[in-house]
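Okay, structure first, notes after.
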Number of protein chains: 2
Amino acid sequence: MKFRLSRRRWLAAAVLSGLLAGCAQTPGAGAADPLPSWNDGANKQRIVAFVRAATTEGSKDFVAPPGRIAVFDNDGTLWAEQPMYFQFFFALDRVKALAPQHPEWKDKEPFASLLKGDMKGALAGGEHAILEIVMATHAGMTTDEFAKMVGDWAATARHPTTQRRFTEMVYQPMLEVLAYLRANGFKTFIVSGGGIEFMRPWTERVYGIPPEQVVGSSIKTQFEVRGGKPVLVRLPQLNFIDDKEGKPVGINLHIGRRPIVAFGNSDGDFQMLQWTTTSGPGARLGMIVHHDDAVREYAYDRNSSIGRLSQGLDQYQAMGWGLISMKNDWKVIFPPLK
Amino acid sequence: MKFRLSRRRWLAAAVLSGLLAGCAQTPGAGAADPLPSWNDGANKQRIVAFVRAATTEGSKDFVAPPGRIAVFDNDGTLWAEQPMYFQFFFALDRVKALAPQHPEWKDKEPFASLLKGDMKGALAGGEHAILEIVMATHAGMTTDEFAKMVGDWAATARHPTTQRRFTEMVYQPMLEVLAYLRANGFKTFIVSGGGIEFMRPWTERVYGIPPEQVVGSSIKTQFEVRGGKPVLVRLPQLNFIDDKEGKPVGINLHIGRRPIVAFGNSDGDFQMLQWTTTSGPGARLGMIVHHDDAVREYAYDRNSSIGRLSQGLDQYQAMGWGLISMKNDWKVIFPPLK
C-alpha cells in the first residue's frame, strides 16, 4: 500500500518540521523561544541562563526590577558600522546639502576633498578634519531643527552596499535580546560614542528605546528665546565624548547606577563592560559581538580603524565575557524588509 | 424616646462625616481623591483637569504615555530649602568631619569661619567661597564612597528647627502629585540645581524617582582602575550647573524631549517652565509653589537669597502658569512621621 499523506497529516508534518528546523529561518517565530534568531550554543544559553537567574526570586543572582539595567553600544552592536560609521554618511549628506551656501568649501579642506568624493583626502587631516566636518554639519541650528534633519535623513538615506535604509541595518538577534530583556523587567539603554541627538529621533521606533534612555557624545547647547519661543541652539563646542573611559562616566551621569548587563563590540566598549561586570555581588552579563561574517555582513577586528577589537579579544575570557560569533551564533543578521 | 445611636449607625455616620470633612485632615485617606492633602480650589482643579485631558483618548490634549514627561525642581518644590539649601548642611557636616585632617583650615577662609559656626563670615567670599566648600567636601572620593556618605548623612542628619530628618521635610501634597502622575502613566523626573549625586542615593526611597530620572548639577568624574576594580573618582572641577538657562539644557541632555508638566518654586525654574509650557500643541501644565506660609513652613519670595521668586511672580499669569499657595492650597505641609 502506497503511503498517502492526508492534508491534515501533511500540515502536521509541516508544522513539526517547522518547529524542528524550518522556523530557524523565520525570525520572530516560535513563541516559546525568546531568541529565535540565535543558534543554540554557549552564548544563547548564557544569555537565557543569566536572565532566568536575575529574575527568579530566591536565586542568589536575583535582582529586583529597579536594578535590572542593561546597556548597549550602538555602532557595531545594535546596527552595522561599515564601511564607516553611519553618522558620517549623515555628515557627508549634510555637507553636500550645505555646499551651495558655502562656496569657500571648494578650496577648503576637508570639505574640498569630501565634495569631490575623495574620502581619503578628506580624512587626511585626522581628528581635526573630522571635528571640522561634525561642527559644520551638526551645529548652528536648534535642537528641533537638527532632530528633523536626522529624522528626514533616517527615513530616506540608504547604505551604499546593501541599499537598505541605515535603520534597516540593525541586527535582528539584538532586537530580540532587547525585547527579551524588557519582557523580563529590564530597562534597556544605549551607551554609544555616536551623537546623542543623532540617535534619539529614531531609537524608539527602531529599538523600542526612548530618548531618555539614550546616552551618547554631545556638543554644547545654549538656551535662547527667539520671537517669544524658547529654543536650544547647538554650539560648535564639544560637550562630552562617550567612548572608552567616557562610557562609565556617561553611564554614571545619565543612569546613576551600575548596569548588570552590557553588550559591546569594540575596544571602545571595554571600560563599559568592565564597569558593568565588576559590580557584583550577583551575576553580571558582559557580551561582545564579534564581526566574523564576511559573507552576510563584515569580518573585522584587530586591524580595523572602525570598531577595532583587540584588547577585548585578548581579555574577554579572563574578564568572563562572552564572545558572540555573528557567523555561528546568528541565524540571520538583519530583519526582514517590510 | 431618647435617640440611641446603634454601633452600626455610629460607624456609618463616622464614615460619612469622614468622607465629607474629616478625611481632609488625613493625608492619603480617601481612595477616590488622588490629591487628599490639597484643598479644593483652582490649583487642584487645574492639576486634575490637566491629567484627565492628557490621559483621555480622543481628547484634543491627549498625550500617549511615552510623551507623558513631568519635571520637578527639588529645593523648595519637593522639599524645603530654608534656612539654607539642605545640601549646604551636608557640606558643613562634611567640613566638620574632615577638619581633623585639615589643620590648615583653622586659618583659611571660608573654612575658619565655618568651623567657628560663623556662616555669614564663611559666605562673605561669595560664589568663590561656596565653590571652595563644595569642592573640599564633594570631590576627591569615588562615586561609591560619596553615595555612601550622602546615604549615611540623609539617614541621620536633622533640620535645625523642626528636628525632622531632612528627607522628612518633603511636601506631602507634592508626594501625592508625583504618585498621581505616575498612576496616570507619567514618568516623573527631578531637574534640580542641587548636586545630581547628592540626590540620587535617596530619591527613589523618598520620592519614588529612580536615579536615572534625576537631573542635577555635577562635577567631573574620572575613570580609574584601582586594585583591579574600576572606580569613578570625583574631581574638583565643575561639569554642569543645572539652574536657570541650564535647566532646559539639562532636560534636553538627559531626557531628550520636552516635558508636558513642570513644577518649580523659584526664578531658577523660570526657563524650565517656559521650555515645558511652550511646547504645544496640546495643553501643558506649569505650576509654581509659592512659599507663603510663615506658620507651618516659611514665607519668602522676592527678597530671599535662597529660592528667590520675583520674575515668576510678575509673569506667571501672562505665562499661563498656576501659583500654588502653600497656605491656602495645602492641608498639610510635611508627611506624618513614621
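How things are named: the first chain in the C-alpha cells is A, the next is B, and so on; residues count from 1 in each chain; ligands count from 1 in the order shown.
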| Once chain B sits on chain A after a least-squares Cα superposition, all atoms in order, what's the RMSD? |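 The fitted C-alpha deviation between chain A and chain B is 0.3 Å.
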| task | With a distance threshold of 10 Å and counting only C-alpha atoms, extract the residues of chain A near chain B and express them as a ChimeraX atom specification. | result | /A:66-67,69,143-144,196-197,200-201,204,210-216,218-225,228-233,239,244-257,271-272,274-279
May I have the residues from that selection written out with C-alpha atoms, as a PDB file, in the first residue's frame?
```pdb
ATOM      1  CA  PRO A  66      14.794  48.716  39.512  1.00  0.00           C
ATOM      2  CA  GLY A  67      18.314  47.275  39.361  1.00  0.00           C
ATOM      3  CA  ILE A  69      19.694  47.962  33.937  1.00  0.00           C
ATOM      4  CA  THR A 143      17.772  71.059  18.578  1.00  0.00           C
ATOM      5  CA  ASP A 144      14.329  70.786  16.972  1.00  0.00           C
ATOM      6  CA  ILE A 196      23.135  61.516  21.442  1.00  0.00           C
ATOM      7  CA  GLU A 197      20.884  63.734  19.311  1.00  0.00           C
ATOM      8  CA  ARG A 200      17.249  59.898  19.633  1.00  0.00           C
ATOM      9  CA  PRO A 201      14.998  60.761  16.672  1.00  0.00           C
ATOM     10  CA  GLU A 204      12.265  54.496  19.988  1.00  0.00           C
ATOM     11  CA  PRO A 210      13.040  56.054  24.354  1.00  0.00           C
ATOM     12  CA  PRO A 211      15.165  59.240  24.118  1.00  0.00           C
ATOM     13  CA  GLU A 212      15.655  59.418  27.895  1.00  0.00           C
ATOM     14  CA  GLN A 213      17.422  56.051  27.739  1.00  0.00           C
ATOM     15  CA  VAL A 214      19.967  57.104  25.136  1.00  0.00           C
ATOM     16  CA  VAL A 215      23.459  58.146  26.271  1.00  0.00           C
ATOM     17  CA  GLY A 216      25.966  59.420  23.720  1.00  0.00           C
ATOM     18  CA  SER A 218      27.285  65.600  22.651  1.00  0.00           C
ATOM     19  CA  ILE A 219      28.062  69.168  21.742  1.00  0.00           C
ATOM     20  CA  LYS A 220      27.019  72.077  23.929  1.00  0.00           C
ATOM     21  CA  THR A 221      23.634  73.748  23.579  1.00  0.00           C
ATOM     22  CA  GLN A 222      22.505  77.215  24.599  1.00  0.00           C
ATOM     23  CA  PHE A 223      19.087  78.407  25.688  1.00  0.00           C
ATOM     24  CA  GLU A 224      17.683  81.372  23.756  1.00  0.00           C
ATOM     25  CA  VAL A 225      14.278  82.954  23.341  1.00  0.00           C
ATOM     26  CA  GLY A 228       8.938  84.643  22.260  1.00  0.00           C
ATOM     27  CA  LYS A 229       9.675  80.934  21.801  1.00  0.00           C
ATOM     28  CA  PRO A 230      12.448  79.253  23.768  1.00  0.00           C
ATOM     29  CA  VAL A 231      14.898  77.206  21.719  1.00  0.00           C
ATOM     30  CA  LEU A 232      18.159  75.374  22.330  1.00  0.00           C
ATOM     31  CA  VAL A 233      20.872  76.258  19.836  1.00  0.00           C
ATOM     32  CA  ASN A 239      30.488  68.764  25.483  1.00  0.00           C
ATOM     33  CA  LYS A 244      36.256  54.224  26.202  1.00  0.00           C
ATOM     34  CA  GLU A 245      36.792  55.694  29.725  1.00  0.00           C
ATOM     35  CA  GLY A 246      33.965  58.092  28.903  1.00  0.00           C
ATOM     36  CA  LYS A 247      31.354  55.319  28.826  1.00  0.00           C
ATOM     37  CA  PRO A 248      31.362  54.622  32.582  1.00  0.00           C
ATOM     38  CA  VAL A 249      31.355  58.407  33.101  1.00  0.00           C
ATOM     39  CA  GLY A 250      28.335  58.772  30.809  1.00  0.00           C
ATOM     40  CA  ILE A 251      26.571  55.826  32.455  1.00  0.00           C
ATOM     41  CA  ASN A 252      27.128  57.345  35.870  1.00  0.00           C
ATOM     42  CA  LEU A 253      25.944  60.782  34.777  1.00  0.00           C
ATOM     43  CA  HIS A 254      22.817  59.628  32.956  1.00  0.00           C
ATOM     44  CA  ILE A 255      21.823  56.413  34.725  1.00  0.00           C
ATOM     45  CA  GLY A 256      23.361  56.884  38.148  1.00  0.00           C
ATOM     46  CA  ARG A 257      23.771  53.225  38.952  1.00  0.00           C
ATOM     47  CA  GLN A 271      35.570  50.052  30.133  1.00  0.00           C
ATOM     48  CA  MET A 272      31.779  49.882  29.928  1.00  0.00           C
ATOM     49  CA  GLN A 274      34.474  46.293  32.908  1.00  0.00           C
ATOM     50  CA  TRP A 275      32.360  48.807  34.866  1.00  0.00           C
ATOM     51  CA  THR A 276      29.271  46.623  34.439  1.00  0.00           C
ATOM     52  CA  THR A 277      30.684  43.206  35.186  1.00  0.00           C
ATOM     53  CA  THR A 278      32.708  44.059  38.303  1.00  0.00           C
ATOM     54  CA  SER A 279      29.710  45.485  40.129  1.00  0.00           C
TER      55      SER A 279
END
```
| Nearest to Leu285 in chain B: which of B:Met169, B:Gly264, B:Arg302, B:Thr162 is it, counting only C-alpha atoms? |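 Closest to Leu285 in chain B of all the choices is B:Gly264.
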| said: I'd like the contact shell of range 173-185 of chain B - 10 Å cut-off, only C-alpha atoms, skipping same-chain residues fewer than 2 positions apart - returned as a ChimeraX atom specification. | reply: /B:27-28,33-39,44,47-48,51-52,54-55,64-72,77-79,170-171,187-189,206-209,261,263,289,326,329-335
| Between CA of Ala53 in chain A and CA of Gly280 in chain A, what is the distance, to one decimal in Å? |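 Separation between CA of Ala53 in chain A and CA of Gly280 in chain A: 13.9 Å.
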| query | Which of range 72-293 of chain B counts as alpha helix (DSSP H) under DSSP, as a PyMOL selection string please? | reply | chain B and resi 86-98+111-115+119-122+126-138+143-156+172-183+196-207+246-254+270-277
